[in-house]
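Asker: One structure follows; several queries about it will come next.
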Amino acid sequence: MRSHSRRIATATAVLAVGALALAGCAKGGGGGAPSAAASQTPLENKAVSAITVGTAADSTGPAPEVAGAKPGGTANMIDRDDFSHLDPGRVYLNYNSSVSLLFTRQLTNYKEDASGSIKLVGDLATDAGTTTDGGKTWKFTLKDGVKWQDGSAITSGDIKYSFERLFADFITEGPDYAETWLVPDPNKPFRDQYKGPYDGKELDTIETPDDKTVIFHLNAPHPDFNFTVAMTGYGAVPKAKDTKQKYDKQPFSSGPYQIVSHTTDKSLELERNPNWDKNTDPIRHAYPDKFHMEFGLQSQQSTERFLADTGADKQAFTFHNAVAPERVQEVLGNAEAMKRSIQGLTPFTTFYNINTKRVTDVNVRKAIITAWPAKQLQQIAGGEINSGKIATTVLSPTVLGYEASDLYGKLAKPEGDPEAAKKLLASSSTPTPTIVYAYNQTPTQEKITVAIKDALTKAGFNVVAKPLNPATYYDAIGPVDNQYDIYWGGWAADWPTGSTAIQPQFDGRLIADNAPNYTHLNVPEINTAIDQANTIADPTEAGKAWAAIDRKIMEQAAIVPEYYQTYFGLYGSGLGGVRFDPIQGEQSALDIWVK
Amino acid sequence: MTSFLVRRILGAIVILILISLITFYLFYALPRDPARAFCGKICRPETLTLIRHNLGMDEPLFVQYWHWLSGIFMGREFTQFGACPAPCLGYSFATQEPVFSAIVDRFPVTLSLTLGASVVILSFGILTGMLAAWKVGQPLDKIASSTSVIGASLQIYFVGPLVVFAVVDTLGLLPRPSYVPFTEDPLTWFVHLLIPWVVLSIIFTANYTRMTRSQMLEQLAEDYVRTARAKGMSGRSVFFRFAWRGAMIPIITIFGVDLATLLGGAIITEQTFTLHGIGELAVRAVQNTDLPMLLGVTVVGAAAIVFLNIVVDVLYAFIDPRVRLS
């Protein structure tokens, strides 16, 4: 009896161990040892090679055909989060912009060619707009044949209305550049000057002499206004179909697809918009008959499904979910999965703000940058593929005018140079300064904090680390009189020129509680240079001016640049045409076709 | 019975109001400003002020709470979101969907998960425990006991992906877990929830096996069982007609308490299998500091637990005639 029991117990144990061992085997299984070749070699992240303004010919549809593409089928999208806003006026996040490209069109938009260069072209407009007075007045002409999903024509009145409704008091989440420029006084709240169209009043600064022409009269010259109106936030909304707050869940389509149903946090279904004419659209394709989108998957789950590549996941992509950091090595070592991978440089840069109101000596700030252990921090964060390329400038390589420079030798000595930092401190007003470093209290950031503290201590700093609750991080660092010296931040230009990359963050006249100028930098020379750069009409010349301002900001040592953020994602084997969108920094749905 | 029910329901209402009050005030003790979620990347002070006004956050806390409470019966109008008909629990700060609709929409998922797991727990747990007690000291008893020890040690977030990998990805025996409404296709509903039911119930089944075995053995040692045997009643009759009833009383009582734990387990199960239930709503509400959703889920969850405990109390009276509700 006893030996029989022991035999059963042994068999049970063997089965249990066997079941656990199964977890480590088979196709794409979790925990499998990566192959010897899976070292983390630097990614081929191409920066955008050029950004130009296209011509009327560039603005003409159809978009060049994707090799091998065929119409039909359903493309699936799996991601963590549902789209928080679909009303164009309330869209600011890149994630919402990516999906909006399928059903919302703007006056202008971006077209990327195979070489990686980007052109701003007319989307609803015949070209990227014209100005004859340095950007104070902008004229756009709508294309023939652009229609809403019900077949009615998109008119200049619709475009005007789309801008007017942005002044309504429930539309607060989107960009407000145009609103600020379309009112008489840019220094007063724009809602105090115009309250929106719902009480029957119109905005006089937008003129529509006929059904095709829209003329914007801005209160000051803005030579890159044609870039501004490419933002999803300025997408077209028809007056006749404006359901106000409800529009946020089901907007009316002007693009190749229309929304069939949207169940919050669960799914979004799109089908073809029969009234979209590809001949009017230089950017988009509409190969799949439908898109089926599902939410609620963490990156670990979506990575597992892409690796398994079974069933409906063969025809799946994701806008936003990257390869889970703990599976990156496995993916890199999986040749089959790598054929279905996407990599690219996003528009996002990350950095550490140095509070110039508290750390007032520029040599102390320079010493911080010099001592900073960039390489070690990148390793802790999982390497380049998980975090990004080590940055040395304010501007991202994805911005027009970016010029590579490394004022503090971070690429030569990415581990930091405590001896050089000590010399800088010796020449400063505070040879042994105390620095208060505030950080998000997460497991990775705890490790990063230890490394930062060690490196700065070796250079002669006394570092006081202050953990902050991630949920309230920006509430803590937002006040101008916050009690911290260094705190992490990130930014992306709202369009790929220097103005929105630099001005919101480093114009000293914009310092306010919860404003993006977290460094509180206020240098009159830089403020003046920003004003001048904003008036330069030629984008290339403007780019040079912004690059010069970038260098000035780095000379002021206002930030410790961290990364030019990268994206690494996967998609299913049953899809073609999946590519990286350098404007949104995510996967693009515009060329996708179902094999 | 009627007066008992009325007393319990009134008590439940008081409990729910207290829970909602505490949750409401605790939320506002946090330093986070929910208005920022509705402000663009470049958030102007005047826009933030407008948003706070739109959300009613510029009013005193007790006025905000009153608006929330009265909205349940009378509905509300929100500048940011539009009209909210009764019962209005507000709009989610994160998703801008009506909280009540979100909860109702996801309730069947959590209900299916919890009910199904309850059936597995009570049937397998009790059956296995009874078999173990029936065959006490024999191999069946030992297997049941050791399996329950292992089962009680496992975690949903560990077992869940393992089972999916083995049963779905590798062997292809079952489809990937998802929720299909029962009213749409009962068979698909059943098949797609089988894995989550089994995984969620593993820990509880193990515990109920041990509890049932222990209770049965205790009952079998009672005087009335000895008397029944002495009077010539067969072992099978004693076991299945008398002893099990006495054993079920504490088990049902404990199950009433365990319902709250089961709901907590459902939260983890929903996350593990990407099931869009109330648990997922709760997790996201905490992550996003989403007060309306947090309040709604807390109050609805508390209401469900209070209701189920009332049901358990009523069942208790039916099982044990000695209990007097008055």
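So you can find residues: chains in the structure tokens are A, B, ... in the order shown, residues in each start at 1, and ligands are numbered from 1 in order.
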Please return, as a ChimeraX atom specification, all residues of chain A lying within 7 Å of chain B when only C-alpha atoms are considered.
Answerer: /A:5,23,84,92,170,172-175,189,245,266,296-297,472,475,515-516
Asker: Could you save the residues just selected, with N, CA and C atoms, as a PDB file, in the first residue's frame?
Answerer:
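Contents of selection_32.pdb, as written:
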ATOM      1  N   SER A   5       1.370   4.040  -3.003  1.00  0.00           N
ATOM      2  CA  SER A   5       1.134   5.479  -2.806  1.00  0.00           C
ATOM      3  C   SER A   5       2.325   6.282  -3.256  1.00  0.00           C
ATOM      4  N   ALA A  23       6.627  25.026 -20.485  1.00  0.00           N
ATOM      5  CA  ALA A  23       6.598  26.481 -20.596  1.00  0.00           C
ATOM      6  C   ALA A  23       7.818  27.016 -21.284  1.00  0.00           C
ATOM      7  N   SER A  84      -8.542  57.571 -26.648  1.00  0.00           N
ATOM      8  CA  SER A  84      -9.248  58.390 -25.664  1.00  0.00           C
ATOM      9  C   SER A  84     -10.107  59.451 -26.347  1.00  0.00           C
ATOM     10  N   TYR A  92      -4.757  64.986 -29.356  1.00  0.00           N
ATOM     11  CA  TYR A  92      -3.397  65.529 -29.236  1.00  0.00           C
ATOM     12  C   TYR A  92      -2.370  64.391 -29.192  1.00  0.00           C
ATOM     13  N   PHE A 170     -16.152  72.819 -24.284  1.00  0.00           N
ATOM     14  CA  PHE A 170     -15.922  71.409 -23.954  1.00  0.00           C
ATOM     15  C   PHE A 170     -14.739  70.834 -24.736  1.00  0.00           C
ATOM     16  N   THR A 172     -11.156  70.980 -24.943  1.00  0.00           N
ATOM     17  CA  THR A 172     -10.017  71.503 -24.169  1.00  0.00           C
ATOM     18  C   THR A 172      -8.767  70.651 -24.306  1.00  0.00           C
ATOM     19  N   GLU A 173      -8.899  69.491 -24.935  1.00  0.00           N
ATOM     20  CA  GLU A 173      -7.767  68.550 -24.901  1.00  0.00           C
ATOM     21  C   GLU A 173      -6.798  68.698 -26.060  1.00  0.00           C
ATOM     22  N   GLY A 174      -7.244  69.326 -27.123  1.00  0.00           N
ATOM     23  CA  GLY A 174      -6.413  69.378 -28.330  1.00  0.00           C
ATOM     24  C   GLY A 174      -5.448  70.548 -28.329  1.00  0.00           C
ATOM     25  N   PRO A 175      -4.720  70.727 -29.435  1.00  0.00           N
ATOM     26  CA  PRO A 175      -3.794  71.862 -29.549  1.00  0.00           C
ATOM     27  C   PRO A 175      -4.588  73.154 -29.656  1.00  0.00           C
ATOM     28  N   PRO A 189      -6.835  85.358 -23.178  1.00  0.00           N
ATOM     29  CA  PRO A 189      -7.422  84.028 -23.431  1.00  0.00           C
ATOM     30  C   PRO A 189      -8.314  84.063 -24.658  1.00  0.00           C
ATOM     31  N   GLN A 245     -20.381  66.810 -27.821  1.00  0.00           N
ATOM     32  CA  GLN A 245     -19.615  65.903 -26.958  1.00  0.00           C
ATOM     33  C   GLN A 245     -19.639  64.456 -27.486  1.00  0.00           C
ATOM     34  N   LYS A 266     -12.970  48.216 -25.565  1.00  0.00           N
ATOM     35  CA  LYS A 266     -13.054  46.844 -26.082  1.00  0.00           C
ATOM     36  C   LYS A 266     -12.693  46.775 -27.553  1.00  0.00           C
ATOM     37  N   GLY A 296      -6.840  46.474 -24.570  1.00  0.00           N
ATOM     38  CA  GLY A 296      -6.708  45.816 -23.266  1.00  0.00           C
ATOM     39  C   GLY A 296      -5.528  44.883 -23.161  1.00  0.00           C
ATOM     40  N   LEU A 297      -4.679  44.840 -24.200  1.00  0.00           N
ATOM     41  CA  LEU A 297      -3.530  43.932 -24.138  1.00  0.00           C
ATOM     42  C   LEU A 297      -2.273  44.677 -23.719  1.00  0.00           C
ATOM     43  N   THR A 472       1.186  61.296  -9.669  1.00  0.00           N
ATOM     44  CA  THR A 472       1.130  62.730  -9.397  1.00  0.00           C
ATOM     45  C   THR A 472       2.451  63.423  -9.706  1.00  0.00           C
ATOM     46  N   ASP A 475       2.140  66.831 -11.270  1.00  0.00           N
ATOM     47  CA  ASP A 475       1.585  67.793 -10.307  1.00  0.00           C
ATOM     48  C   ASP A 475       2.682  68.275  -9.369  1.00  0.00           C
ATOM     49  N   ALA A 515       3.331  74.826 -16.867  1.00  0.00           N
ATOM     50  CA  ALA A 515       3.715  75.064 -18.267  1.00  0.00           C
ATOM     51  C   ALA A 515       4.919  74.182 -18.582  1.00  0.00           C
ATOM     52  N   PRO A 516       5.172  73.882 -19.884  1.00  0.00           N
ATOM     53  CA  PRO A 516       6.244  72.947 -20.235  1.00  0.00           C
ATOM     54  C   PRO A 516       7.660  73.450 -19.972  1.00  0.00           C
TER      55      PRO A 516
END
Asker: If we count only C-alpha atoms, what is near stretch 281-288 of chain A at a cut-off of 10 Å, once residues fewer than 3 positions away on the same chain are taken out, given as a VMD selection string?
Answerer: chain A and resid 57 to 66 69 to 76 101 to 102 105 109 to 112 121 to 125 143 146 255 to 257 270 to 273 276 to 278 291 575 577 589 to 595
Asker: Would you put the residues from that selection into a file with N, CA and C atoms, as a compact mmCIF listing (two decimals), in the first residue's frame?
Answerer:
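Below is the file that was written, again_8.txt:
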# COMPACT_ATOMS: atom_id res chain seq x y z
N ALA A 57 1.70 69.16 -57.38
CA ALA A 57 1.82 67.83 -58.00
C ALA A 57 2.00 66.76 -56.92
N ASP A 58 2.78 67.09 -55.89
CA ASP A 58 2.98 66.14 -54.78
C ASP A 58 1.68 65.90 -54.02
N SER A 59 0.77 66.88 -54.11
CA SER A 59 -0.48 66.80 -53.34
C SER A 59 -1.58 66.04 -54.07
N THR A 60 -1.25 65.57 -55.26
CA THR A 60 -2.27 64.92 -56.07
C THR A 60 -2.30 63.42 -55.79
N GLY A 61 -3.51 62.86 -55.70
CA GLY A 61 -3.62 61.42 -55.53
C GLY A 61 -3.59 60.73 -56.88
N PRO A 62 -3.56 59.40 -56.90
CA PRO A 62 -3.54 58.52 -55.71
C PRO A 62 -2.14 58.38 -55.13
N ALA A 63 -2.06 57.85 -53.96
CA ALA A 63 -0.77 57.55 -53.35
C ALA A 63 -0.13 56.43 -54.16
N PRO A 64 1.20 56.44 -54.30
CA PRO A 64 1.87 55.38 -55.07
C PRO A 64 1.49 54.00 -54.53
N GLU A 65 1.21 53.07 -55.43
CA GLU A 65 0.81 51.73 -55.02
C GLU A 65 1.93 51.04 -54.25
N VAL A 66 1.52 50.24 -53.28
CA VAL A 66 2.49 49.44 -52.52
C VAL A 66 2.73 48.14 -53.28
N ALA A 69 0.64 44.72 -53.12
CA ALA A 69 -0.58 44.88 -52.32
C ALA A 69 -1.81 44.51 -53.13
N LYS A 70 -2.80 43.98 -52.41
CA LYS A 70 -4.08 43.67 -53.06
C LYS A 70 -5.20 44.04 -52.10
N PRO A 71 -6.33 44.41 -52.64
CA PRO A 71 -7.45 44.79 -51.76
C PRO A 71 -8.10 43.56 -51.13
N GLY A 72 -8.83 43.81 -50.04
CA GLY A 72 -9.62 42.74 -49.42
C GLY A 72 -9.14 42.36 -48.04
N GLY A 73 -9.97 41.60 -47.36
CA GLY A 73 -9.61 41.06 -46.05
C GLY A 73 -9.86 42.04 -44.92
N THR A 74 -9.61 41.54 -43.72
CA THR A 74 -9.76 42.35 -42.51
C THR A 74 -8.42 42.42 -41.80
N ALA A 75 -7.97 43.62 -41.55
CA ALA A 75 -6.73 43.80 -40.79
C ALA A 75 -7.11 43.99 -39.33
N ASN A 76 -6.40 43.31 -38.45
CA ASN A 76 -6.67 43.39 -37.01
C ASN A 76 -5.62 44.25 -36.33
N LEU A 101 -6.01 59.07 -38.84
CA LEU A 101 -5.59 59.16 -40.24
C LEU A 101 -6.50 58.33 -41.15
N LEU A 102 -7.18 57.34 -40.58
CA LEU A 102 -8.03 56.47 -41.39
C LEU A 102 -9.39 57.09 -41.69
N ARG A 105 -9.40 63.79 -42.30
CA ARG A 105 -8.41 64.46 -43.14
C ARG A 105 -8.28 65.91 -42.71
N ASN A 109 -1.03 67.40 -44.86
CA ASN A 109 -0.57 66.20 -44.17
C ASN A 109 0.79 65.80 -44.71
N TYR A 110 1.34 64.73 -44.19
CA TYR A 110 2.71 64.34 -44.53
C TYR A 110 2.72 63.11 -45.42
N LYS A 111 3.67 63.15 -46.33
CA LYS A 111 3.85 62.04 -47.25
C LYS A 111 5.31 61.62 -47.14
N GLU A 112 5.56 60.33 -46.94
CA GLU A 112 6.93 59.85 -46.81
C GLU A 112 7.29 59.01 -48.01
N VAL A 121 2.28 68.04 -47.74
CA VAL A 121 1.52 68.22 -48.98
C VAL A 121 0.09 68.58 -48.66
N GLY A 122 -0.65 68.93 -49.68
CA GLY A 122 -2.07 69.18 -49.48
C GLY A 122 -2.79 67.86 -49.29
N ASP A 123 -3.65 67.80 -48.29
CA ASP A 123 -4.47 66.61 -48.06
C ASP A 123 -5.87 66.89 -48.61
N LEU A 124 -6.65 67.71 -47.93
CA LEU A 124 -7.91 68.20 -48.51
C LEU A 124 -7.63 69.36 -49.47
N ALA A 125 -6.51 70.04 -49.24
CA ALA A 125 -6.16 71.20 -50.05
C ALA A 125 -5.35 70.78 -51.27
N LYS A 143 -9.60 70.55 -52.80
CA LYS A 143 -9.58 69.76 -54.03
C LYS A 143 -11.01 69.50 -54.50
N VAL A 146 -13.52 65.90 -52.93
CA VAL A 146 -13.36 65.47 -51.53
C VAL A 146 -14.74 65.47 -50.88
N GLY A 255 -12.19 60.28 -44.57
CA GLY A 255 -11.06 59.47 -44.99
C GLY A 255 -11.50 58.15 -45.62
N PRO A 256 -10.57 57.24 -45.84
CA PRO A 256 -10.88 56.00 -46.55
C PRO A 256 -11.76 55.02 -45.77
N TYR A 257 -11.91 55.21 -44.46
CA TYR A 257 -12.72 54.30 -43.66
C TYR A 257 -13.71 55.08 -42.83
N LEU A 270 -14.00 49.34 -38.26
CA LEU A 270 -14.02 50.28 -39.39
C LEU A 270 -14.33 49.50 -40.66
N GLU A 271 -15.04 50.15 -41.58
CA GLU A 271 -15.24 49.57 -42.90
C GLU A 271 -14.97 50.66 -43.92
N ARG A 272 -14.90 50.28 -45.18
CA ARG A 272 -14.59 51.25 -46.23
C ARG A 272 -15.61 52.40 -46.27
N ASN A 273 -15.11 53.57 -46.50
CA ASN A 273 -15.97 54.71 -46.80
C ASN A 273 -16.13 54.75 -48.32
N TRP A 276 -14.93 57.93 -50.32
CA TRP A 276 -13.55 58.40 -50.35
C TRP A 276 -12.98 58.10 -51.72
N ASP A 277 -12.39 59.11 -52.33
CA ASP A 277 -11.85 58.95 -53.67
C ASP A 277 -10.32 58.95 -53.57
N LYS A 278 -9.71 57.84 -53.93
CA LYS A 278 -8.26 57.73 -53.78
C LYS A 278 -7.53 58.74 -54.67
N PHE A 291 -11.13 47.12 -40.78
CA PHE A 291 -10.19 47.07 -39.67
C PHE A 291 -10.97 46.65 -38.43
N LEU A 575 0.21 40.11 -42.95
CA LEU A 575 0.04 41.50 -43.39
C LEU A 575 1.25 41.95 -44.20
N GLY A 577 2.89 45.73 -46.09
CA GLY A 577 2.77 47.18 -46.07
C GLY A 577 2.81 47.81 -44.69
N ALA A 589 -1.04 52.54 -40.40
CA ALA A 589 -2.03 51.64 -41.00
C ALA A 589 -2.28 51.97 -42.47
N LEU A 590 -1.63 53.03 -42.97
CA LEU A 590 -2.05 53.59 -44.25
C LEU A 590 -1.68 52.73 -45.46
N ASP A 591 -0.68 51.88 -45.35
CA ASP A 591 -0.26 51.06 -46.50
C ASP A 591 -0.55 49.59 -46.28
N ILE A 592 -1.20 49.26 -45.18
CA ILE A 592 -1.38 47.85 -44.82
C ILE A 592 -2.27 47.13 -45.82
N TRP A 593 -1.90 45.89 -46.15
CA TRP A 593 -2.76 45.04 -46.96
C TRP A 593 -2.72 43.62 -46.39
N VAL A 594 -3.79 42.88 -46.63
CA VAL A 594 -3.92 41.54 -46.07
C VAL A 594 -3.48 40.52 -47.12
N LYS A 595 -2.51 39.69 -46.75
CA LYS A 595 -1.98 38.72 -47.73
C LYS A 595 -2.97 37.61 -48.02
Asker: Using only C-alpha atoms, which of A:Arg365, A:Lys212, A:His292, A:Lys413 sits nearest A:Gln315?
Answerer: A:His292
Asker: Within 8 Å of stretch 557-567 of chain A, counting only C-alpha atoms, which residues show up once you throw out same-chain ones fewer than 4 positions away? Write them as a ChimeraX atom specification, please.
Answerer: /A:45,322,342-356,362,365-366,368-369,372,374,384-394,396-397,519,521,553,585-586
Asker: For a quick check of understanding, using only C-alpha atoms, which of A:Tyr402, A:Phe319, A:Tyr177, A:Tyr474 has the smallest distance to A:Ala542?
Answerer: A:Tyr402
Asker: To one decimal place in Å, what is the distance between atom CA of B:Arg8 and atom CA of B:Val312?
Answerer: 12.2 Å
Asker: Can you check which residues of stretch 26-158 of chain B DSSP gives as alpha helix (DSSP H) on the backbone and send them as a ChimeraX atom specification?
Answerer: /B:26-29,45-54,61-74,99-120,126-134,139-153,156-158
Asker: Considering only strand (DSSP E or B) as DSSP defines it on the backbone, what residues of stretch 20-193 of chain B qualify? List them as a PyMOL selection string.
Answerer: chain B and resi 76-78+82-84+91+98
Asker: Pick out the closest residue to B:Gly151 from this set: B:Leu187, B:Leu295, B:Ala206, B:Val283. Count only C-alpha atoms.
Answerer: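 Ranking B:Leu187, B:Leu295, B:Ala206, B:Val283 by distance to B:Gly151, first place goes to B:Ala206.
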Asker: Taking only C-alpha atoms into account, which of B:Gly264, B:Gly301, B:Gly235, B:Pro250 comes nearest B:Trp134?
Answerer: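 Distance minimum relative to B:Trp134 lands on B:Gly235.
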Asker: Report as a PyMOL selection string all protein, DNA and RNA residues lying within 9 Å of A:Asp313, evaluated on only C-alpha atoms, omitting residues in the same chain fewer than 2 positions from it.
Answerer: chain A and resi 76-78+305-306+308-311+315-317+571-574
Asker: Quick one: everything within 10 Å of A:Val229, counting only C-alpha atoms, minus sequence neighbours fewer than 4 positions away in the same chain. Send it as a list in words.
Answerer: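 Once the nearby chain positions are removed, what remains is Gln106, Leu107, Thr108, Asn109, Ala128, Gly129, Phe163, Tyr177, Ala178, Asp224, Phe225, Gly233, Tyr234, Gly235 and Trp495 of chain A.
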Asker: Could you save those same residues with N, CA and C atoms as a tab-separated table (two decimals), in the first residue's frame?
Answerer:
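Full text of again_26.tsv as output:
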chain	number	residue	atom	x	y	z
A	106	GLN	N	-7.10	66.44	-42.95
A	106	GLN	CA	-6.82	67.84	-42.63
A	106	GLN	C	-6.53	68.59	-43.92
A	107	LEU	N	-6.31	69.88	-43.81
A	107	LEU	CA	-5.94	70.67	-45.00
A	107	LEU	C	-4.62	70.16	-45.57
A	108	THR	N	-3.67	69.89	-44.70
A	108	THR	CA	-2.36	69.39	-45.14
A	108	THR	C	-2.02	68.12	-44.37
A	109	ASN	N	-1.03	67.40	-44.86
A	109	ASN	CA	-0.57	66.20	-44.17
A	109	ASN	C	0.79	65.80	-44.71
A	128	ALA	N	0.14	72.73	-50.19
A	128	ALA	CA	0.41	72.94	-48.76
A	128	ALA	C	0.16	74.38	-48.34
A	129	GLY	N	-0.68	75.09	-49.08
A	129	GLY	CA	-1.06	76.45	-48.68
A	129	GLY	C	-0.10	77.50	-49.21
A	163	PHE	N	-12.68	74.89	-37.44
A	163	PHE	CA	-11.81	75.74	-36.59
A	163	PHE	C	-12.64	76.50	-35.55
A	177	TYR	N	-2.88	76.19	-30.90
A	177	TYR	CA	-2.06	77.17	-31.62
A	177	TYR	C	-2.93	78.07	-32.50
A	178	ALA	N	-3.72	77.45	-33.37
A	178	ALA	CA	-4.51	78.22	-34.33
A	178	ALA	C	-5.49	79.13	-33.61
A	224	ASP	N	5.11	78.75	-40.51
A	224	ASP	CA	4.88	77.30	-40.59
A	224	ASP	C	3.44	76.94	-40.22
A	225	PHE	N	2.51	77.85	-40.45
A	225	PHE	CA	1.09	77.57	-40.16
A	225	PHE	C	0.59	76.39	-40.98
A	233	GLY	N	-5.62	67.71	-34.71
A	233	GLY	CA	-6.48	68.65	-33.99
A	233	GLY	C	-7.22	69.61	-34.89
A	234	TYR	N	-6.73	69.80	-36.10
A	234	TYR	CA	-7.37	70.72	-37.07
A	234	TYR	C	-8.01	69.95	-38.21
A	235	GLY	N	-8.41	68.72	-37.91
A	235	GLY	CA	-9.11	67.91	-38.90
A	235	GLY	C	-10.52	68.43	-39.15
A	495	TRP	N	4.85	69.57	-34.72
A	495	TRP	CA	5.11	69.36	-36.16
A	495	TRP	C	6.62	69.45	-36.34
Asker: What is the atom CA of B:Phe4 to atom CA of B:Ile252 distance in Å?
Answerer: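 If I compute the distance from atom CA of B:Phe4 to atom CA of B:Ile252, I get 19.2 Å.
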